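For reference, start_2.tsv (TSV, C-alpha atoms):
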chain	number	residue	atom	x	y	z
A	233	MET	CA	21.31	134.99	-118.64
A	234	TYR	CA	22.24	136.98	-121.73
A	235	THR	CA	20.43	138.94	-124.42
A	236	ALA	CA	20.56	138.17	-128.13
A	237	LYS	CA	23.52	140.58	-128.34
A	238	GLY	CA	25.46	138.58	-125.76
A	239	GLN	CA	24.98	141.12	-122.95
A	240	LEU	CA	23.89	140.28	-119.42
A	241	ASP	CA	20.09	140.38	-119.26
A	242	ARG	CA	19.58	142.45	-116.09
A	243	ASN	CA	15.78	142.42	-116.32
A	244	ALA	CA	15.68	138.63	-116.50
A	245	LEU	CA	18.05	138.32	-113.53
A	246	ILE	CA	16.01	140.78	-111.47
A	247	ARG	CA	12.88	138.74	-112.19
A	248	GLN	CA	14.74	135.55	-111.23
A	249	TYR	CA	15.87	136.94	-107.87
A	250	GLN	CA	12.69	138.85	-106.96
A	251	PRO	CA	11.53	135.94	-104.75
A	252	LEU	CA	14.77	136.32	-102.76
A	253	VAL	CA	13.95	139.99	-102.10
A	254	HIS	CA	10.42	139.09	-101.00
A	255	ARG	CA	11.68	136.32	-98.71
A	256	LEU	CA	14.25	138.59	-97.05
A	257	ALA	CA	11.69	141.37	-96.57
A	258	HIS	CA	9.11	139.08	-94.95
A	259	HIS	CA	11.81	137.46	-92.81
A	260	MET	CA	12.98	140.86	-91.55
A	261	MET	CA	9.45	141.92	-90.57
A	262	ALA	CA	9.60	139.86	-87.36
A	263	LYS	CA	12.13	142.36	-86.03
A	264	LEU	CA	10.33	145.53	-87.10
A	265	PRO	CA	7.45	147.58	-85.70
A	266	ALA	CA	4.02	147.21	-87.28
A	267	SER	CA	4.35	150.70	-88.79
A	268	VAL	CA	6.91	149.40	-91.31
A	269	GLU	CA	5.32	148.28	-94.58
A	270	VAL	CA	6.72	145.14	-96.16
A	271	ASP	CA	6.18	146.64	-99.64
A	272	ASP	CA	8.56	149.48	-98.75
A	273	LEU	CA	11.23	146.96	-97.77
A	274	ILE	CA	10.70	145.07	-101.01
A	275	GLN	CA	11.16	148.23	-103.10
A	276	VAL	CA	14.39	149.09	-101.30
A	277	GLY	CA	15.52	145.48	-101.58
A	278	LEU	CA	15.04	145.56	-105.36
A	279	ILE	CA	17.37	148.56	-105.48
A	280	GLY	CA	19.89	146.54	-103.47
A	281	LEU	CA	19.50	143.65	-105.92
A	282	SER	CA	20.13	145.99	-108.86
A	283	GLU	CA	23.29	147.29	-107.17
A	284	ALA	CA	24.43	143.72	-106.54
A	285	LEU	CA	24.06	142.93	-110.25
A	286	SER	CA	26.18	145.99	-111.09
A	287	ARG	CA	28.96	145.18	-108.61
A	288	TYR	CA	29.19	141.40	-108.71
A	289	GLU	CA	32.26	139.87	-110.32
A	290	THR	CA	32.31	136.14	-110.99
A	291	GLY	CA	35.94	135.82	-109.92
A	292	GLN	CA	35.50	137.27	-106.45
A	293	GLY	CA	34.75	133.93	-104.79
A	294	ALA	CA	31.20	134.36	-103.46
A	295	GLN	CA	28.09	132.83	-104.99
A	296	PHE	CA	25.88	135.54	-106.49
A	297	GLU	CA	22.93	134.71	-104.23
A	298	THR	CA	25.15	135.10	-101.14
A	299	PHE	CA	26.53	138.39	-102.46
A	300	ALA	CA	23.06	139.64	-103.42
A	301	THR	CA	21.60	138.67	-100.04
A	302	GLN	CA	24.16	140.85	-98.26
A	303	ARG	CA	23.46	143.79	-100.59
A	304	ILE	CA	19.68	143.45	-100.28
A	305	ARG	CA	19.75	143.23	-96.49
A	306	GLY	CA	22.19	146.13	-96.34
A	307	ALA	CA	19.91	148.32	-98.46
A	308	MET	CA	16.93	147.50	-96.23
A	309	LEU	CA	18.85	148.21	-93.02
A	310	ASP	CA	20.19	151.51	-94.37
A	311	GLU	CA	16.68	152.62	-95.28
A	312	LEU	CA	15.34	151.74	-91.84
A	313	ARG	CA	18.16	153.55	-90.05
A	314	GLU	CA	17.74	156.69	-92.16
A	315	ASN	CA	14.00	156.88	-91.45
A	316	ASP	CA	14.30	156.64	-87.65
A	317	TRP	CA	12.04	153.57	-87.52
A	318	MET	CA	12.33	153.00	-83.77
A	319	SER	CA	10.75	155.25	-81.13
A	320	ARG	CA	12.45	156.13	-77.84
A	321	GLY	CA	9.45	154.70	-76.00
A	322	SER	CA	9.90	151.28	-77.60
A	323	ARG	CA	13.61	151.30	-76.81
A	324	LYS	CA	12.82	152.11	-73.19
A	325	ASN	CA	10.24	149.30	-73.01
A	326	GLN	CA	12.77	146.82	-74.38
A	327	LYS	CA	15.33	147.99	-71.83
A	328	ASP	CA	12.78	147.65	-69.01
A	329	ILE	CA	12.04	144.06	-70.07
A	330	GLU	CA	15.75	143.18	-70.19
A	331	GLN	CA	16.34	144.66	-66.74
A	332	ALA	CA	13.36	142.74	-65.32
A	333	LEU	CA	14.75	139.54	-66.83
A	334	ARG	CA	18.18	140.10	-65.29
A	335	ARG	CA	16.66	140.78	-61.86
A	336	LEU	CA	14.45	137.70	-61.98
A	337	GLU	CA	17.18	135.39	-63.23
A	338	HIS	CA	19.41	136.57	-60.38
A	339	GLN	CA	16.62	136.06	-57.83
A	340	LEU	CA	15.27	132.74	-59.16
A	341	GLY	CA	18.43	131.15	-60.52
A	342	ARG	CA	16.55	130.18	-63.70
A	343	SER	CA	14.77	131.69	-66.68
A	344	PRO	CA	11.51	133.29	-65.49
A	345	ILE	CA	8.20	132.41	-67.12
A	346	GLU	CA	6.01	135.04	-68.78
A	347	SER	CA	3.70	135.55	-65.82
A	348	GLU	CA	6.69	136.22	-63.55
A	349	ILE	CA	8.13	138.76	-65.98
A	350	ALA	CA	4.74	140.46	-66.25
A	351	ALA	CA	4.43	140.66	-62.45
A	352	GLU	CA	7.94	142.10	-62.14
A	353	LEU	CA	6.97	144.83	-64.60
A	354	GLY	CA	3.68	145.46	-62.77
A	355	LEU	CA	1.62	144.35	-65.78
A	356	SER	CA	-1.07	141.79	-66.41
A	357	LEU	CA	-0.02	138.84	-68.58
A	358	SER	CA	-2.08	140.10	-71.53
A	359	ASP	CA	-0.60	143.61	-71.24
A	360	TYR	CA	2.91	142.17	-71.10
A	361	GLN	CA	2.29	140.03	-74.19
A	362	SER	CA	0.93	143.10	-75.97
A	363	LEU	CA	4.09	144.97	-75.01
A	364	LEU	CA	6.22	142.20	-76.52
A	365	GLY	CA	4.49	142.78	-79.84
A	366	LYS	CA	5.20	146.50	-79.65
A	367	VAL	CA	8.94	146.19	-78.92
A	368	ARG	CA	9.70	143.83	-81.80
A	369	GLY	CA	11.45	146.65	-83.65
A	370	THR	CA	14.37	146.62	-81.23
A	371	GLN	CA	15.83	143.51	-82.86
A	372	LEU	CA	17.08	144.91	-86.16
A	373	ILE	CA	20.67	143.78	-86.57
A	374	TYR	CA	20.08	140.07	-86.02
A	375	LEU	CA	21.79	138.02	-83.35
A	376	GLU	CA	25.21	139.62	-83.74
A	377	ASP	CA	23.90	142.89	-82.35
A	378	MET	CA	23.29	141.30	-78.95
A	379	GLY	CA	26.93	141.86	-78.04
A	380	ARG	CA	26.53	145.62	-77.87
A	381	SER	CA	27.26	147.13	-74.49
A	382	GLY	CA	24.90	150.11	-74.49
A	383	GLU	CA	21.94	151.64	-76.27
A	384	ASP	CA	23.94	154.33	-78.04
A	385	ASP	CA	27.03	152.25	-78.83
A	386	ASP	CA	27.84	150.97	-82.30
A	387	GLY	CA	26.47	147.48	-82.87
A	388	PHE	CA	28.63	144.39	-83.04
A	389	LEU	CA	28.64	144.36	-86.83
A	390	ASP	CA	29.61	148.03	-87.07
A	391	ARG	CA	32.45	147.53	-84.59
A	392	HIS	CA	33.90	144.31	-86.00
A	393	VAL	CA	32.98	143.41	-89.55
A	394	ALA	CA	35.00	146.01	-91.46
A	395	ASP	CA	38.46	144.88	-90.33
A	396	ASN	CA	37.75	141.56	-88.68
A	397	ASP	CA	40.02	139.63	-91.06
A	398	ALA	CA	42.99	141.85	-90.30
A	399	ASP	CA	42.81	141.78	-86.51
A	400	PRO	CA	43.23	138.45	-84.65
A	401	LEU	CA	41.87	140.02	-81.45
A	402	ASN	CA	38.63	140.90	-83.20
A	403	LEU	CA	38.40	137.39	-84.62
A	404	LEU	CA	38.89	135.94	-81.14
A	405	GLY	CA	36.26	138.29	-79.70
A	406	ASP	CA	33.84	137.28	-82.45
A	407	GLN	CA	34.38	133.59	-81.69
A	408	ARG	CA	33.86	134.08	-77.95
A	409	LEU	CA	30.69	136.09	-78.53
A	410	ARG	CA	29.22	133.44	-80.80
A	411	GLN	CA	30.09	130.67	-78.35
A	412	ALA	CA	28.44	132.63	-75.53
A	413	LEU	CA	25.41	133.22	-77.72
A	414	VAL	CA	25.05	129.51	-78.54
A	415	ALA	CA	25.27	128.70	-74.81
A	416	ALA	CA	22.65	131.38	-74.02
A	417	ILE	CA	20.23	130.03	-76.63
A	418	LYS	CA	20.40	126.60	-74.98
A	419	THR	CA	19.05	128.14	-71.76
A	420	LEU	CA	15.87	129.43	-73.43
A	421	PRO	CA	12.54	127.72	-72.72
A	422	GLU	CA	11.94	124.92	-75.23
A	423	ARG	CA	9.30	126.67	-77.32
A	424	GLU	CA	11.45	129.79	-77.62
A	425	GLN	CA	14.39	127.64	-78.71
A	426	PHE	CA	12.16	126.21	-81.45
A	427	VAL	CA	11.19	129.70	-82.61
A	428	MET	CA	14.81	130.91	-82.74
A	429	SER	CA	15.97	127.76	-84.53
A	430	MET	CA	13.25	127.93	-87.15
A	431	TYR	CA	13.69	131.66	-87.69
A	432	TYR	CA	17.50	131.95	-87.76
A	433	GLU	CA	18.73	128.49	-88.74
A	434	GLN	CA	15.94	127.24	-90.98
A	435	ASP	CA	15.16	130.71	-92.38
A	436	MET	CA	11.40	130.31	-91.87
A	437	ASN	CA	9.08	133.31	-91.77
A	438	LEU	CA	6.43	134.09	-89.13
A	439	LYS	CA	3.59	132.42	-91.00
A	440	GLU	CA	5.55	129.20	-91.46
A	441	ILE	CA	6.61	129.08	-87.80
A	442	ALA	CA	3.04	129.76	-86.67
A	443	ALA	CA	1.80	126.82	-88.77
A	444	VAL	CA	4.40	124.45	-87.31
A	445	LEU	CA	3.68	125.45	-83.70
A	446	ASN	CA	-0.09	125.80	-84.28
A	447	ILE	CA	-0.17	129.33	-82.87
A	448	THR	CA	-0.89	132.77	-84.35
A	449	GLU	CA	1.72	134.91	-86.11
A	450	SER	CA	1.33	137.55	-83.41
A	451	ARG	CA	2.17	134.93	-80.79
A	452	VAL	CA	5.31	133.99	-82.76
A	453	CYS	CA	6.29	137.69	-82.69
A	454	GLN	CA	5.80	137.77	-78.93
A	455	LEU	CA	7.93	134.66	-78.40
A	456	HIS	CA	10.62	136.01	-80.71
A	457	SER	CA	10.73	139.35	-78.90
A	458	GLN	CA	10.87	137.64	-75.52
A	459	SER	CA	13.65	135.30	-76.70
A	460	VAL	CA	15.74	138.18	-77.95
A	461	ALA	CA	15.17	140.10	-74.71
A	462	ARG	CA	16.37	137.07	-72.73
A	463	LEU	CA	19.45	136.73	-74.93
A	464	ARG	CA	20.29	140.43	-74.85
A	465	ALA	CA	20.04	140.38	-71.06
A	466	LYS	CA	22.50	137.47	-70.92
A	467	MET	CA	24.86	138.87	-73.56
A	468	ARG	CA	25.34	142.28	-71.93
A	469	ALA	CA	28.30	140.81	-70.04
A	470	HIS	CA	30.15	139.77	-73.23
Just dump the structure as structure tokens.
Amino acid sequence: MYTAKGQLDRNALIRQYQPLVHRLAHHMMAKLPASVEVDDLIQVGLIGLSEALSRYETGQGAQFETFATQRIRGAMLDELRENDWMSRGSRKNQKDIEQALRRLEHQLGRSPIESEIAAELGLSLSDYQSLLGKVRGTQLIYLEDMGRSGEDDDGFLDRHVADNDADPLNLLGDQRLRQALVAAIKTLPEREQFVMSMYYEQDMNLKEIAAVLNITESRVCQLHSQSVARLRAKMRAH
């Protein structure tokens, strides 16, 4: 899009790609605590979009939407990190859930159901489901972050993305992690597999997933949080 003077019409392009910013913001909300406002993410995402327009070069090989998506997500993640969006209590709760899952899987030889996880934590089923809604903010860096080895370590993306192309060992590690992750997803209960597939592969938001499964958005959040906790528990060894 160009102006009458033959210059790139930035305002028109920002309007064109505003729906992309909104979609990414709403999609990210499943992994964030309720205290985060979607409008704040959208504002930061628009800044990321503006930066993408300034830095994109048509000859660099990537489609603009792909390039812009990375910039928008990056801007949102940077903002969330800088504002200390996750409390220590929520991190501890997520860790407690993961440890309970590992213990139960070792004892039972299968994936435990919700009532078993709740009992292991000494909670009622309703209290456990409420807790799942509260810990949703521990899943910020998408599936790749599940390969991290400890709470204070750099995430998988931080450790590998910068020089992945230059180091065959990193590329091999990335491939093994992804293969292990795919295998772990296949062990999830069926409904949780559906949630993960719709969210990560089909890029559906919470409202859309809730409509497909005929459940509430809060229940989708609970299932998503539980799925990620199961996967993180399994991926600690990789």
>> Report, in Å with one decimal, the straight-line distance from CA of Met436 in chain A to CA of His259 in chain A.
In response: 7.2 Å
> From the list A:Gln326, A:Tyr431, A:Val414, A:Leu336, which residue is nearest Leu256 in chain A when using all atoms listed in the file?
Replying inline: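 The shortest atom-to-atom distance to Leu256 in chain A comes from A:Tyr431.
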>> Just the number, please: distance in Å from CA of Ser457 in chain A to CA of Pro251 in chain A, one decimal.
In response: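 CA of Pro251 in chain A lies at a distance of 26.1 Å from CA of Ser457 in chain A.
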>> Set the distance at 10 Å and use all atoms listed in the file: which residues neighbour Gln331 in chain A once local chain neighbours fewer than 6 positions away are removed? I'd like the list as a VMD selection string.
In response: chain A and resid 325 337 352 to 353 461 to 462 464 to 465
>> Considering all atoms listed in the file, can you say which of A:Val460, A:Leu245, A:Leu333, A:Leu264 comes closest to Ala351 in chain A?
In response: A:Leu333
> For Tyr432 in chain A, which residue among A:Leu364, A:Asn446, A:His456, A:Glu314 is the nearest when counting only C-alpha atoms?
Replying inline: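 Counting only C-alpha atoms, the residue closest to Tyr432 in chain A is A:His456.
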>> So the first atom is CA of Val268 in chain A and the second is CA of Lys366 in chain A; what is the distance between them in Å, to one decimal place?
In response: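 Result for CA of Val268 in chain A versus CA of Lys366 in chain A: 12.1 Å, one decimal.
Residue nearest Thr301 in chain A within the list A:Gln250, A:Ser347, A:Gln361, A:Gln339: A:Gln250 [criterion: smallest interatomic distance, all atoms listed in the file].
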Hey, could you make a per-residue contact list for range 296-347 of chain A against range 424-429 of chain A with 12 Å as the cut-off, showing the nearest pair of atoms and its distance in Å to one decimal, counting only C-alpha atoms, sorted by chain and number, as a tab-separated table?
residue	atom	partner	partner_atom	distance
A:Ser343	CA	A:Glu424	CA	11.6
A:Ile345	CA	A:Glu424	CA	11.3
A:Glu346	CA	A:Glu424	CA	11.6
Edge lengths and centre in Å, axis-aligned, range 413-426 of chain A plus 6 Å each side, as lines of an AutoDock Vina configuration file:
center_x = 17.4
center_y = 129.1
center_z = -76.6
size_x = 28.1
size_y = 20.3
size_z = 21.7
